[in-house]
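Take a look at the structure set out below.
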Amino acid sequence: MADLLTHVLTAYVLATLLSVRDERVTPAMVTAAMVGGVVPDLNRIGLLVPAETVESLLGIPFAWDALLTVGGVSVVVALGVLLVPHRLRSMTAAMLSLGVLAHFTLDYLLLFPSGYTHPYLWPVTAAGLPGPNLYLSSARWPAVVAVACAGFAWLVSRRRRESEAATHG
Amino acid sequence: MRSISRRSVAFTACCALLVVLLVGHGTLTPDPAAGRFPGNDAVAAGTVDDGGRVVVAGVVEAETADGTVVALGEGSRITVRGLDAAPDTGVWLYGTYRDGAIRNRRAIVRAQWEHTYLYAVSLLGGLLTLGRVVRTWRVDADTWQLVPRGEDRG
């Protein structure tokens with residue numbers, strides 16, 4: 001995983017720029033995209049409750065890393081969509097998926113020692129993907145770039161709000 | 001009432017499916033042909049075939065004449081040959097297991113502060129998102145739904 005700040009800011013940037021074009025992308029929907037950016041990293045629950053602990057308690061195999069796959073995130077996104085009113089479900093699904101997609105794209109570019117990524121496409125396939133191995137998850141520059149882009153997106157969004165207020169005022 | 005119960009059924013079905021996936025992923029075993037290599041547990045247990053490829057993560061303990069000793073956690077350690085890393089640095093490496101040691105092929109070496117940075121900045125990202133969720137969404141206690149703040153419930 002790239003750092004979570006980079007993931008949520010990338011989702012913020014993409015959703016905020018979309019909001020300039022599409023008024024259905026409200027501030028709440030921008031938040032939904034950011035939540036989507038968090039979803040694949042829910043496998044980090046394993047830092048608090050190790051999978052081995054769950055396995056010994058239940059007596060069956062268990063892996064939090066299922067949450068870092070298209071199968072796991074699809075179900076979590078479906079759960080998120082069920083939490084909102086019916087009229088907001090398609091937009092919420094789209095925004096959550098945007099954040100998830102941005103997350104997987106950034107993670108696919110990461111450097112893995114074997115050259116193969118985590119099996120992100122499971123259960124479609126359990127194979128790791130040969131990745132481009134571009135950067136480390138602990139690299140500092142992705143967060144710096146993400147913060148700069150988020151600042152730009154925030155300014156664009158603020159200018160739009162101000163011009164709308166001037167038009168309506 | 002009907003839609004609420006339908007939503008409950010769908011929610012329960014999704015939770016059950018999530019449990020199935022969490023258990024199903026736990027049954028995956030290493031398969032080098034599919035890019036999934038034996039890890040710390042297999043190396044510590046010595047169940048890796050001679051000449052097999054492995055991916056392990058640990059902390060460098062010491063440099064010896066035989067190679068670099070890497071602690072894999074829970075008291076187990078392995079000697080890695082061809083690794084250039086100072087004591088107390090974290091390593092995540094891919095290599096070939098032979099005669100109870102690993103020949104390093106490619107290693108990612110990181111100082112402990114880099115791990116601290118990763119978790120600290122990730123915590124910041126999590127808190128930023130949580131703060132925005134609280135600021136832009138609210139719980140409608142009547143319908144048990146999340147609704148955007150400042151909008152009528154749907």
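Chain lettering (A, B, ...) mirrors the order of the structure tokens, residue numbering begins at 1 for each chain separately, and ligand numbering begins at 1 in order of display.
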Long-range neighbours of Pro142 of chain A as a list in words, 10 Å cut-off, only C-alpha atoms, 5 positions minimum in chain =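 Skipping anything fewer than 5 positions along the chain leaves Ala2, Asp3, Leu5, Thr6, His7, Thr10, Leu106, Tyr135, Leu136, Ser137, Val147 and Ala148 of chain A.
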Neighbours of chain A in chain B at 8 Å, counting only C-alpha atoms, as a ChimeraX atom specification = /B:7,10-11,14-15,17-18,21-28,34-36,55,92-94,106-108,114-115,117-119,121-126,129,132-133,136-137,144-149,153-154
Per DSSP on the backbone, what are the strand (DSSP E or B) residues of segment 1-159 of chain A, as a VMD selection string?
-> chain A and resid 110 116 130 135
DSSP says alpha helix (DSSP H) for which residues of segment 2-102 of chain B? Put them as number ranges by chain?
-> B: 2-26, 40-45
For the residues selected in the previous step, produce a file with C-alpha atoms as a PDB file, in the first residue's frame.
ATOM      1  CA  ARG B   2     -40.770  -3.841   3.756  1.00  0.00           C
ATOM      2  CA  SER B   3     -37.821  -1.915   2.274  1.00  0.00           C
ATOM      3  CA  ILE B   4     -36.104  -1.854   5.666  1.00  0.00           C
ATOM      4  CA  SER B   5     -36.350  -5.619   6.008  1.00  0.00           C
ATOM      5  CA  ARG B   6     -35.164  -6.068   2.425  1.00  0.00           C
ATOM      6  CA  ARG B   7     -32.202  -3.855   3.222  1.00  0.00           C
ATOM      7  CA  SER B   8     -31.515  -5.905   6.363  1.00  0.00           C
ATOM      8  CA  VAL B   9     -31.537  -9.117   4.345  1.00  0.00           C
ATOM      9  CA  ALA B  10     -29.143  -7.621   1.775  1.00  0.00           C
ATOM     10  CA  PHE B  11     -26.890  -6.273   4.548  1.00  0.00           C
ATOM     11  CA  THR B  12     -26.796  -9.662   6.295  1.00  0.00           C
ATOM     12  CA  ALA B  13     -26.087 -11.442   3.000  1.00  0.00           C
ATOM     13  CA  CYS B  14     -23.180  -9.077   2.285  1.00  0.00           C
ATOM     14  CA  CYS B  15     -21.745  -9.626   5.780  1.00  0.00           C
ATOM     15  CA  ALA B  16     -21.985 -13.394   5.281  1.00  0.00           C
ATOM     16  CA  LEU B  17     -20.309 -13.103   1.874  1.00  0.00           C
ATOM     17  CA  LEU B  18     -17.531 -11.004   3.411  1.00  0.00           C
ATOM     18  CA  VAL B  19     -16.885 -13.711   6.016  1.00  0.00           C
ATOM     19  CA  VAL B  20     -16.767 -16.317   3.226  1.00  0.00           C
ATOM     20  CA  LEU B  21     -14.168 -14.204   1.385  1.00  0.00           C
ATOM     21  CA  LEU B  22     -12.071 -13.641   4.538  1.00  0.00           C
ATOM     22  CA  VAL B  23     -12.036 -17.383   5.183  1.00  0.00           C
ATOM     23  CA  GLY B  24     -11.537 -18.250   1.516  1.00  0.00           C
ATOM     24  CA  HIS B  25      -8.521 -15.973   1.220  1.00  0.00           C
ATOM     25  CA  GLY B  26      -7.092 -17.664   4.302  1.00  0.00           C
ATOM     26  CA  ASN B  40       8.191 -16.058   7.129  1.00  0.00           C
ATOM     27  CA  ASP B  41       6.129 -18.921   8.571  1.00  0.00           C
ATOM     28  CA  ALA B  42       7.317 -21.483   6.006  1.00  0.00           C
ATOM     29  CA  VAL B  43      10.964 -20.368   6.317  1.00  0.00           C
ATOM     30  CA  ALA B  44      10.812 -20.427  10.131  1.00  0.00           C
ATOM     31  CA  ALA B  45       9.257 -23.890  10.045  1.00  0.00           C
TER      32      ALA B  45
END
Can you list, as a list in words, every protein, DNA or RNA residue that comes within 10 Å of Asp99 of chain B when you count only C-alpha atoms, leaving out same-chain residues fewer than 4 positions away?
->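 Non-adjacent residues within range: Gly46, Asp49, Asp50 and Gly51 of chain B.
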